[in-house]
Amino acid sequence: MKNKLVTENIIRFVLLLVLQVLILNKINLFGYLHPNAYILFILLLPFETPGWLLLILAFVTGLSVDVFEGVMGIHTIATVFAAFIRPYVIRAVGNEPEYGTNAKPGIFDMKLSWFLYYAAIIIFLHQFILNLLDAFSFKQFFLLLWRTILNSILTLIFAVILQYIFPPYTKKK
Amino acid sequence: MNNVLKFIIKNNFILLFVVLEVFALSMFFSSNNYQNTKAMRFHNRVAADFYKRVSTVESFFNLKNENNLLRAENAELYKKLKSSQYICDTAEYSITDTLYKQQYTYVPATVIYNSIDKHNNFIMLNKGKNDNIEKDMAVISPLGAVGIVVSVSDNFCLVMSLLNTSFRLSCKLLNSDEIGSVSWDGKHYKKGLLTDIPFHVEINVGDTVVTSGYSYSFPKGIMVGTVRDYSSTDNSHFYTAKIDYSVNYSSIGSVYIINNLMIKELQKLDSIKNTLIN
């Protein structure tokens, strides 16, 4: 069971990275919109993942994306932060007793509405840091905010659709 | 000591977070400086090689378009050949031969990585030190100015494109020869800004903007864009014009890197100028 879980996450990591680098990084809606769906890997790690592992996996994920983007550090900073707030967001969104063993915070183990709340918060903060570091100033704050909101919505849509296209094979039931 | 260990174990999540973020931040700040070759070299080794493979596949989808562009450019160049001109006076040609000296040479290159959605966009090309590419060389496409080389490795070079908020290019209006400066505001990849045009100059919508030749890298008269609309802020004596770039930055494939053979000479004079000012 444990082995299956590890394999599943490694496959997801590789697939999401390939998808991000080869396809999603080439998408440019209206010149500046592109989804960062690789964050789904951090979102879908099992509930009982220890904190240190969460942070280190986030660091590796961010670094891998950064290597292909040219500017080192931006995705690493944002992804590690996303992993850091994840436990707090899960606690804040609530319904603790419903988690079964080996449950994942995805749309199959949890309710869709639960996932949307949970993912929206993390994706928004992740996107905000990405856009802030990219612009590196508050000069055009509303442009920054507007980009963050549109990019977050796009990423959230991808995060839901990708789960439907590739359903996990370690379901709770 | 025991207490310190207890503290570390108790707060390991937050402490590890801080350590990783500090590490990532230091990486970010050191690679933000593009002359930093350490980060660049790492990026080159892993990503450049990868993108080279990807771009060989991708270039197939663009072949038709690229072909048309190159054919149009060839036609333009054929027009300038001696064989396609009528010789009025042989003496004139012997004069022009000694009057003109080669100042710029062109190296064809292929784009292997390009972005347009960031505040500071960069392009990577498949030519480097081994092809005598150096820092500060200009890059153009058949449609107009593209950017300037900021960092070179053995086989690749990194180009700061016009779509970069810290890029300034000295330009002029083609019909009035008035000098201005083209920059980008970070918003849309098809629209740039032409600033510092004095009030007395007559600007028309649709005017052509070309490079002025005042920078050491770009030759004179390379197309940059056309004026879309212009305005003036209240307390300045200059116009700011919005321009449409002539190059479609979202689909550049083949470019030329321009080598200015007299750049050393110009830079030497420039340093003398600076000592005179001080």
# chains A, B, ... in the order shown; residues from 1 in each chain; ligands from 1
>>> interface_residues(of="chain B", to="chain A", cutoff="7 Å", atoms="only C-alpha atoms", output="list in words")
Phe13, Leu16, Phe17, Glu21, Ala24, Leu25, Met27, Phe28, Ser31, Asn32, His43, Ala47, Ile116, Asp117, Lys118, His119, His188 and Tyr189 of chain B
>>> residues_around(residues="B:Ser161", least_positions_apart="2", cutoff="6 Å", atoms="only C-alpha atoms", output="ChimeraX atom specification")
/B:122,146-147,159,163-164
>>> residues_around(residues="B:Asn175", least_positions_apart="6", cutoff="12 Å", atoms="only C-alpha atoms", output="short mmCIF file (atom, residue, chain, number, x, y, z; two decimals) with all heavy atoms, in the first residue's frame")
data_model
loop_
_atom_site.label_atom_id
_atom_site.label_comp_id
_atom_site.auth_asym_id
_atom_site.auth_seq_id
_atom_site.Cartn_x
_atom_site.Cartn_y
_atom_site.Cartn_z
N VAL B 201 7.90 68.40 -32.45
CA VAL B 201 7.96 67.42 -33.54
C VAL B 201 6.55 67.00 -33.94
O VAL B 201 5.68 66.82 -33.08
CB VAL B 201 8.75 66.18 -33.09
CG1 VAL B 201 8.76 65.12 -34.17
CG2 VAL B 201 10.15 66.58 -32.72
N GLU B 202 6.34 66.85 -35.21
CA GLU B 202 5.03 66.41 -35.67
C GLU B 202 5.01 64.88 -35.74
O GLU B 202 5.80 64.28 -36.46
CB GLU B 202 4.77 66.98 -37.06
CG GLU B 202 3.31 67.00 -37.42
CD GLU B 202 3.12 67.56 -38.82
OE1 GLU B 202 3.66 68.64 -39.10
OE2 GLU B 202 2.46 66.88 -39.62
N ILE B 203 4.13 64.27 -34.95
CA ILE B 203 4.01 62.81 -34.99
C ILE B 203 2.69 62.48 -35.66
O ILE B 203 1.69 63.17 -35.47
CB ILE B 203 3.98 62.20 -33.58
CG1 ILE B 203 5.14 62.73 -32.74
CG2 ILE B 203 4.05 60.69 -33.64
CD1 ILE B 203 5.22 62.09 -31.37
N ASN B 204 2.68 61.45 -36.47
CA ASN B 204 1.43 60.96 -37.05
C ASN B 204 1.24 59.51 -36.68
O ASN B 204 2.20 58.76 -36.54
CB ASN B 204 1.47 61.09 -38.58
CG ASN B 204 1.60 62.52 -39.00
OD1 ASN B 204 0.88 63.39 -38.53
ND2 ASN B 204 2.57 62.78 -39.87
N GLY B 206 0.83 55.87 -37.32
CA GLY B 206 1.31 55.06 -38.43
C GLY B 206 2.74 55.36 -38.82
O GLY B 206 3.30 54.69 -39.68
N ASP B 207 3.37 56.37 -38.18
CA ASP B 207 4.78 56.67 -38.45
C ASP B 207 5.66 55.47 -38.13
O ASP B 207 5.42 54.76 -37.16
CB ASP B 207 5.24 57.86 -37.59
CG ASP B 207 4.93 59.17 -38.26
OD1 ASP B 207 4.39 59.12 -39.38
OD2 ASP B 207 5.20 60.23 -37.66
N THR B 208 6.70 55.30 -38.92
CA THR B 208 7.61 54.18 -38.70
C THR B 208 8.70 54.57 -37.69
O THR B 208 9.25 55.65 -37.75
CB THR B 208 8.27 53.78 -40.02
OG1 THR B 208 7.25 53.59 -40.98
CG2 THR B 208 9.06 52.50 -39.86
N VAL B 209 8.98 53.66 -36.76
CA VAL B 209 10.05 53.87 -35.78
C VAL B 209 11.18 52.91 -36.11
O VAL B 209 10.96 51.70 -36.21
CB VAL B 209 9.54 53.62 -34.35
CG1 VAL B 209 10.64 53.86 -33.34
CG2 VAL B 209 8.35 54.51 -34.04
N VAL B 210 12.38 53.45 -36.31
CA VAL B 210 13.54 52.60 -36.62
C VAL B 210 14.66 52.93 -35.63
O VAL B 210 14.62 53.93 -34.93
CB VAL B 210 14.04 52.82 -38.06
CG1 VAL B 210 13.00 52.41 -39.07
CG2 VAL B 210 14.46 54.26 -38.27
N GLY B 221 18.59 52.28 -38.81
CA GLY B 221 17.49 51.98 -39.71
C GLY B 221 16.89 50.60 -39.61
O GLY B 221 16.22 50.15 -40.52
N THR B 226 5.54 50.68 -35.43
CA THR B 226 4.82 51.84 -35.96
C THR B 226 4.03 52.50 -34.84
O THR B 226 3.59 51.84 -33.90
CB THR B 226 3.82 51.42 -37.06
OG1 THR B 226 3.06 50.32 -36.57
CG2 THR B 226 4.53 51.02 -38.33
#
>>> residues_around(residues="A:Leu116", least_positions_apart="6", cutoff="10 Å", atoms="only C-alpha atoms", output="ChimeraX atom specification")
/A:106-107,156-157,159-160
>>> write_last_selection(atoms="N, CA and C atoms", output="JSON list (two decimals), in the first residue's frame")
[["chain", "number", "residue", "atom", "x", "y", "z"],
["A", 106, "GLY", "N", -7.77, 15.29, -2.58],
["A", 106, "GLY", "CA", -8.19, 15.49, -3.97],
["A", 106, "GLY", "C", -9.70, 15.45, -4.07],
["A", 107, "ILE", "N", -10.21, 15.49, -5.31],
["A", 107, "ILE", "CA", -11.67, 15.55, -5.46],
["A", 107, "ILE", "C", -12.33, 14.19, -5.31],
["A", 156, "LEU", "N", -6.56, 26.71, -11.27],
["A", 156, "LEU", "CA", -7.55, 25.93, -10.53],
["A", 156, "LEU", "C", -8.36, 25.05, -11.49],
["A", 157, "ILE", "N", -8.74, 25.60, -12.64],
["A", 157, "ILE", "CA", -9.48, 24.82, -13.63],
["A", 157, "ILE", "C", -8.64, 23.63, -14.07],
["A", 159, "ALA", "N", -6.24, 22.23, -12.40],
["A", 159, "ALA", "CA", -6.06, 21.31, -11.27],
["A", 159, "ALA", "C", -7.25, 20.35, -11.16],
["A", 160, "VAL", "N", -8.46, 20.84, -11.42],
["A", 160, "VAL", "CA", -9.65, 19.99, -11.34],
["A", 160, "VAL", "C", -9.71, 19.04, -12.54]]
>>> select_by_dssp(residues="chain A", states="helix (DSSP H, G or I)", output="PyMOL selection string")
chain A and resi 2-22+24-26+37-43+51-67+74-93+96-98+112-135+141-165
